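Chemist: What follows is structure_12.tsv; its format and atoms are TSV, C-alpha atoms.
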```
chain	number	residue	atom	x	y	z
R	1078	MET	CA	104.54	126.22	74.26
R	1079	SER	CA	102.64	127.82	71.44
R	1080	LYS	CA	101.06	124.79	69.80
R	1081	LYS	CA	97.58	123.87	70.95
R	1082	GLY	CA	97.53	120.78	73.11
R	1083	GLU	CA	101.10	121.22	74.32
R	1084	SER	CA	100.23	123.62	77.13
R	1085	VAL	CA	97.67	123.98	79.88
R	1086	VAL	CA	96.26	127.25	81.22
R	1087	ILE	CA	95.89	127.50	84.99
R	1088	TRP	CA	93.62	130.27	86.27
R	1089	PRO	CA	93.49	130.81	90.06
R	1090	VAL	CA	89.75	130.12	90.09
R	1091	TYR	CA	90.44	126.49	89.06
R	1092	ILE	CA	91.87	125.67	92.50
R	1093	ASP	CA	90.13	128.32	94.67
R	1094	SER	CA	88.08	126.87	97.54
R	1095	THR	CA	86.09	130.10	97.87
R	1096	LYS	CA	84.65	129.57	94.38
R	1097	THR	CA	81.95	127.13	93.32
R	1098	ARG	CA	82.19	124.64	90.51
R	1099	ALA	CA	79.62	126.72	88.61
R	1100	ILE	CA	81.96	129.72	88.77
R	1101	GLY	CA	84.92	127.67	87.59
R	1102	ARG	CA	86.58	125.65	90.35
R	1103	MET	CA	87.80	122.38	88.84
R	1104	VAL	CA	89.31	120.48	91.79
R	1105	PRO	CA	87.27	118.98	94.63
R	1106	LYS	CA	86.70	121.40	97.48
R	1107	GLY	CA	88.82	119.28	99.85
R	1108	LEU	CA	91.84	119.74	97.59
R	1109	ALA	CA	91.18	123.39	96.76
R	1110	VAL	CA	93.10	126.29	98.31
R	1111	ASP	CA	91.63	129.40	99.91
R	1112	SER	CA	92.21	132.32	97.48
R	1113	PRO	CA	95.45	131.15	95.84
R	1114	SER	CA	97.72	133.89	94.50
R	1115	ILE	CA	99.13	133.74	91.01
R	1116	ASP	CA	102.63	133.75	92.56
R	1117	GLU	CA	101.82	130.66	94.66
R	1118	ILE	CA	100.56	128.87	91.56
R	1119	TYR	CA	103.65	129.87	89.57
R	1120	GLU	CA	106.04	128.70	92.31
R	1121	ALA	CA	104.19	125.38	92.70
R	1122	CYS	CA	104.34	124.80	88.94
R	1123	ARG	CA	108.04	125.63	88.94
R	1124	GLU	CA	108.71	123.12	91.73
R	1125	LEU	CA	106.71	120.48	89.86
R	1126	ASN	CA	108.85	121.10	86.73
R	1127	TYR	CA	105.85	122.16	84.63
R	1128	ASN	CA	107.90	124.90	82.87
R	1129	PRO	CA	105.52	127.71	83.87
R	1130	VAL	CA	105.06	131.02	82.10
R	1131	LEU	CA	103.46	133.76	84.22
R	1132	GLU	CA	101.00	136.08	82.43
R	1133	ILE	CA	99.96	138.67	85.00
R	1134	SER	CA	97.88	140.92	82.75
R	1135	LYS	CA	95.51	138.21	81.48
R	1136	LYS	CA	91.82	138.12	82.38
R	1137	MET	CA	89.69	135.00	82.40
R	1138	PRO	CA	87.01	135.50	79.72
R	1139	ALA	CA	84.18	134.30	81.98
R	1140	GLN	CA	85.29	136.80	84.67
R	1141	TRP	CA	86.53	139.67	82.51
R	1142	TRP	CA	86.10	142.25	85.28
R	1143	GLU	CA	88.77	140.57	87.42
R	1144	LYS	CA	92.45	140.54	86.50
R	1145	PRO	CA	93.90	137.53	88.31
R	1146	GLY	CA	96.50	136.59	85.72
R	1147	ARG	CA	97.22	133.05	84.59
R	1148	VAL	CA	100.01	130.51	84.38
R	1149	LEU	CA	100.76	128.55	81.21
R	1150	VAL	CA	102.44	125.21	81.79
R	1151	ALA	CA	103.72	122.39	79.63
R	1152	LYS	CA	101.20	119.56	79.45
R	1153	LYS	CA	102.76	116.65	81.35
R	1154	ALA	CA	99.58	114.83	82.41
R	1155	LYS	CA	95.80	115.26	82.39
R	1156	LYS	CA	94.84	118.83	83.24
R	1157	LEU	CA	92.85	117.83	86.33
R	1158	ASP	CA	95.74	115.74	87.66
R	1159	MET	CA	98.09	118.69	87.17
R	1160	LEU	CA	95.67	121.04	88.96
R	1161	LYS	CA	95.40	118.62	91.88
R	1162	SER	CA	99.20	118.42	92.14
R	1163	VAL	CA	99.53	122.21	92.14
R	1164	SER	CA	96.80	122.58	94.75
R	1165	LYS	CA	98.29	119.91	97.03
R	1166	LEU	CA	101.71	121.53	96.86
R	1167	ILE	CA	100.29	124.96	97.75
R	1168	GLN	CA	98.43	123.41	100.71
R	1169	LYS	CA	101.65	121.74	101.86
R	1170	LYS	CA	103.64	124.98	101.61
R	1171	ARG	CA	101.00	126.91	103.55
R	1172	LEU	CA	101.08	124.31	106.33
R	1173	GLN	CA	104.88	124.53	106.51
R	1174	ARG	CA	104.69	128.33	106.86
R	1175	LYS	CA	102.34	128.01	109.83
R	1176	HIS	CA	104.80	125.81	111.75
```
In structure tokens, write the structure found in this file.
Modeler:
Amino acid sequence: MSKKGESVVIWPVYIDSTKTRAIGRMVPKGLAVDSPSIDEIYEACRELNYNPVLEISKKMPAQWWEKPGRVLVAKKAKKLDMLKSVSKLIQKKRLQRKH
């Protein structure tokens, strides 16, 4: 997954409902997840067969003071479509845990 264009970076802020679009959220608020953990994102990507690679020590350049980590995945569709799929799966798993 080293060649540019073959992988997609997923930062937690991209699907975080507590963040604004100006800060970095990329999915619509209705699809976003409340404070997603990097582990939730990794597991969702694994279940979706995105071949994830977890990078815990990485910091998002725009938010260098935070250390949320990131997940690299193989590009299988448009980035936004992949983010929506990950977010929906995390929402589904959280609902299942409640019941």
Chemist: What does the structure give for the distance between CA of Arg1174 in chain R and CA of Glu1120 in chain R, in Å to one decimal?
Modeler: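 Distance between the two atoms: 14.6 Å.
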Chemist: Expressed in Å to a single decimal, how great is the separation between CA of Glu1124 in chain R and CA of Lys1170 in chain R?
Modeler: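 Straight-line distance from CA of Glu1124 in chain R to CA of Lys1170 in chain R works out to 11.3 Å.
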Chemist: Within 10 Å of (91.7, 117.4, 94.6), all atoms listed in the file: residues as a PDB file with C-alpha atoms, in the coordinates of the input?
Modeler:
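Saved file result.pdb follows:
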```
ATOM      1  CA  ILE R1092      91.870 125.670  92.500  1.00  0.00           C
ATOM      2  CA  MET R1103      87.800 122.380  88.840  1.00  0.00           C
ATOM      3  CA  VAL R1104      89.310 120.480  91.790  1.00  0.00           C
ATOM      4  CA  PRO R1105      87.270 118.980  94.630  1.00  0.00           C
ATOM      5  CA  LYS R1106      86.700 121.400  97.480  1.00  0.00           C
ATOM      6  CA  GLY R1107      88.820 119.280  99.850  1.00  0.00           C
ATOM      7  CA  LEU R1108      91.840 119.740  97.590  1.00  0.00           C
ATOM      8  CA  ALA R1109      91.180 123.390  96.760  1.00  0.00           C
ATOM      9  CA  VAL R1110      93.100 126.290  98.310  1.00  0.00           C
ATOM     10  CA  LEU R1157      92.850 117.830  86.330  1.00  0.00           C
ATOM     11  CA  ASP R1158      95.740 115.740  87.660  1.00  0.00           C
ATOM     12  CA  MET R1159      98.090 118.690  87.170  1.00  0.00           C
ATOM     13  CA  LEU R1160      95.670 121.040  88.960  1.00  0.00           C
ATOM     14  CA  LYS R1161      95.400 118.620  91.880  1.00  0.00           C
ATOM     15  CA  SER R1162      99.200 118.420  92.140  1.00  0.00           C
ATOM     16  CA  VAL R1163      99.530 122.210  92.140  1.00  0.00           C
ATOM     17  CA  SER R1164      96.800 122.580  94.750  1.00  0.00           C
ATOM     18  CA  LYS R1165      98.290 119.910  97.030  1.00  0.00           C
TER      19      LYS R1165
END
```
Chemist: Taking every listed atom of range 1142-1160 of chain R and adding 5 Å to each side, what centre and edge lengths in Å (one decimal) does the axis-aligned box have, as lines of an AutoDock Vina configuration file?
Modeler:
```
center_x = 94.9
center_y = 128.5
center_z = 84.2
size_x = 27.6
size_y = 37.4
size_z = 19.5
```
Chemist: Report, in Å with one decimal, the straight-line distance from CA of Ser1094 in chain R to CA of Gln1168 in chain R.
Modeler: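 Between CA of Ser1094 in chain R and CA of Gln1168 in chain R the gap is 11.4 Å.
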Chemist: For Lys1135 in chain R, which of R:Arg1098, R:Lys1155, R:Arg1147, R:Arg1171 is the closest residue, counting all atoms listed in the file?
Modeler: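 Checking each candidate against Lys1135 in chain R, we get R:Arg1147 as the closest.
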Chemist: Just checking: using all atoms listed in the file, which residue out of R:Lys1175, R:Lys1136, R:Lys1169, R:Lys1144 ends up closest to Val1086 in chain R?
Modeler: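 Ranking R:Lys1175, R:Lys1136, R:Lys1169, R:Lys1144 by distance to Val1086 in chain R, first place goes to R:Lys1136.
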Chemist: Tell me which of R:Ile1167, R:Ala1151, R:Ile1118, R:Leu1172 sits closest to Glu1083 in chain R, counting all atoms listed in the file.
Modeler: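 That would be R:Ala1151, the residue with the smallest distance to Glu1083 in chain R.
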Chemist: Tell me which protein, DNA and RNA residues are within 6 Å of Arg1102 in chain R, counting all atoms listed in the file, leaving out same-chain ones fewer than 6 positions away, and put them as a list in words.
Modeler: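 Near Arg1102 in chain R, the qualifying residues are Val1090, Tyr1091, Ile1092 and Lys1096 of chain R.
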